[in-house]
Amino acid sequence: MSKAYGRIEWGYLISLLVAMGFDLKWVNWVIKCVSTVTFFVLINDQPHGMITPQRGLRQGDPLSHFLFILCTEGLSYLMSAADREGSLPGFRFGLQGPSINHLLFADDCLFSCRANKEHNEVLLRLFKRYGDATGQLINPAKSSIMFGKGVSTKEKTRFKQTLGIFAEGGEAKYLGLPESMKGSKVKLFSYLKERIGRKVSGWHARTLSQGGKEVLIKAVASALPVSAMSVYKIPKSLISSLHGVLANFWWSSDEQRRKIH
């Protein structure tokens, strides 16, 4: 999303909260919190002007996160409706499993469709409809597109031009996990070892008792790979490497010195 929080139209927010069944009195309270905001610009440490916004949510405000998630319900509804109608079917994991054509996490969105002209047009139409209602806008420059193995280079080029997204993804992370499992698993999950290594390097600089080391290993280091291990099977060689990093920290007080475990 382009300036996700700053583009929310207040009229859409009011209509959405009313449609979702919130009491009018409560809706008025929320809109008062959102709309009675003013900003000053600091020039040489002196405040100048008084800017009164006409739309948007304040980033950093505890209430804004919840309101933004409610606003994305409009996009989720459009995608789910298209799935039910069959115009944009999603992936189905198993015969009785749910059909999924989108995943949302704050302003990060992941959409899936078939690589054909009809589905691309439906996707663009839904984006435009959502953008017209909410004021939000997809940012193609910060977006990427992934293709299946069966899509030819010519088709890839055509779809990129249709969607306006030219960056090809797959090697980045989504919610801290690899977007796709291409190539060596050891290489894909090497970031886990690097992350734990950075933590342990900082701990070596301190004088810690065995009890302190135990707490850090159990509460921090062992918890870092849990998210990835709950979704993917981590290679045994990488697990052995992680054990080695933690064992060296446990037995030695000097990062450069190795001891027999």
# chains A, B, ... in the order shown; residues from 1 in each chain; ligands from 1
$ select_by_dssp --residues "segment 115-258 of chain A" --states "strand (DSSP E or B)" --output "list in words"
Ile145, Glu168, Lys173, Tyr174, Leu177 and Pro178 of chain A
$ write_last_selection --atoms "C-alpha atoms" --output "PDB file, in the first residue's frame"
ATOM      1  CA  ILE A 145       5.189 -10.781  -8.469  1.00  0.00           C
ATOM      2  CA  GLU A 168       9.995 -10.479  -9.646  1.00  0.00           C
ATOM      3  CA  LYS A 173      10.594 -12.796   3.362  1.00  0.00           C
ATOM      4  CA  TYR A 174       6.933 -12.470   4.285  1.00  0.00           C
ATOM      5  CA  LEU A 177       9.623 -16.467   6.590  1.00  0.00           C
ATOM      6  CA  PRO A 178      10.900 -17.198   3.053  1.00  0.00           C
TER       7      PRO A 178
END
$ select_by_dssp --residues "segment 5-233 of chain A" --states "helix (DSSP H, G or I)" --output "JSON, numbers by chain"
{"A": [10, 11, 12, 13, 14, 15, 16, 17, 18, 19, 24, 25, 26, 27, 28, 29, 30, 31, 32, 33, 34, 35, 62, 63, 64, 65, 66, 67, 68, 69, 70, 71, 73, 74, 75, 76, 77, 78, 79, 80, 81, 82, 83, 84, 85, 117, 118, 119, 120, 121, 122, 123, 124, 125, 126, 127, 128, 129, 130, 131, 132, 133, 134, 140, 141, 142, 153, 154, 155, 156, 157, 158, 159, 160, 161, 162, 163, 185, 186, 187, 188, 190, 191, 192, 193, 194, 195, 196, 197, 198, 199, 200, 201, 202, 203, 204, 210, 211, 212, 213, 214, 215, 216, 217, 218, 219, 221, 222, 223, 226, 227, 228, 229]}
$ residues_around --residues "segment 21-35 of chain A" --least-positions-apart "2" --cutoff "8 Å" --atoms "only C-alpha atoms" --output "list in words"
Trp10, Ile14, Leu17, Val18, Ala19, Val37, Pro53, Gln54, Arg55, Leu57 and Arg58 of chain A
$ residues_around --residues "Arg195 of chain A" --least-positions-apart "5" --cutoff "12 Å" --atoms "only C-alpha atoms" --output "list in words"
Gly176, Phe189, Ser190, Val200, Ser201, Gly202, Val220, Ala221, Ser222, Ala223, Leu224, Pro225, Leu242 and Val245 of chain A
$ residues_around --residues "Phe166 of chain A" --least-positions-apart "2" --cutoff "12 Å" --atoms "only C-alpha atoms" --output "list in words"
Asn139, Pro140, Ala141, Lys142, Ser143, Ser144, Ile145, Met146, Lys156, Thr157, Arg158, Phe159, Lys160, Gln161, Thr162, Leu163, Gly164, Glu168 and Gly169 of chain A
$ closest_residue --among "A:Leu103, A:Ala167, A:Leu42, A:Leu208" --to "Leu75 of chain A" --atoms "only C-alpha atoms"
A:Leu103
$ atom_distance --atom1 "atom CA of Gly11 of chain A" --atom2 "atom CA of Glu85 of chain A"
28.1 Å
$ closest_residue --among "A:Ser209, A:Gln59, A:Arg125, A:Ser99" --to "Trp251 of chain A" --atoms "only C-alpha atoms"
A:Ser209
$ residues_around --residues "segment 2-7 of chain A" --least-positions-apart "5" --cutoff "6 Å" --atoms "only C-alpha atoms" --output "ChimeraX atom specification"
/A:56-57,135-139
$ residues_around --residues "Ala115 of chain A" --least-positions-apart "4" --cutoff "10 Å" --atoms "only C-alpha atoms" --output "mmCIF file with N, CA and C atoms, in the first residue's frame"
data_model
loop_
_atom_site.group_PDB
_atom_site.id
_atom_site.type_symbol
_atom_site.label_atom_id
_atom_site.label_comp_id
_atom_site.auth_asym_id
_atom_site.auth_seq_id
_atom_site.Cartn_x
_atom_site.Cartn_y
_atom_site.Cartn_z
ATOM 1 N N HIS A 119 -8.192 -13.426 -14.954
ATOM 2 C CA HIS A 119 -7.950 -13.258 -13.519
ATOM 3 C C HIS A 119 -7.163 -11.987 -13.227
ATOM 4 N N ASN A 120 -6.245 -11.631 -14.118
ATOM 5 C CA ASN A 120 -5.491 -10.384 -13.942
ATOM 6 C C ASN A 120 -6.414 -9.178 -13.996
ATOM 7 N N PHE A 147 5.834 -16.203 -10.121
ATOM 8 C CA PHE A 147 5.181 -17.062 -11.104
ATOM 9 C C PHE A 147 5.475 -18.531 -10.805
ATOM 10 N N GLY A 148 4.560 -19.380 -11.260
ATOM 11 C CA GLY A 148 4.779 -20.821 -11.187
ATOM 12 C C GLY A 148 5.736 -21.280 -12.273
ATOM 13 N N GLY A 150 5.262 -23.284 -14.725
ATOM 14 C CA GLY A 150 4.697 -23.476 -16.058
ATOM 15 C C GLY A 150 4.459 -22.203 -16.848
ATOM 16 N N VAL A 151 4.796 -21.051 -16.293
ATOM 17 C CA VAL A 151 4.546 -19.782 -16.980
ATOM 18 C C VAL A 151 5.764 -19.426 -17.830
ATOM 19 N N GLU A 155 4.752 -14.838 -21.354
ATOM 20 C CA GLU A 155 3.560 -14.590 -20.535
ATOM 21 C C GLU A 155 3.910 -13.770 -19.298
ATOM 22 N N LYS A 156 5.074 -14.041 -18.716
ATOM 23 C CA LYS A 156 5.505 -13.281 -17.539
ATOM 24 C C LYS A 156 5.595 -11.785 -17.858
ATOM 25 N N PHE A 159 2.074 -10.250 -18.215
ATOM 26 C CA PHE A 159 1.387 -10.085 -16.937
ATOM 27 C C PHE A 159 1.997 -8.948 -16.118
#
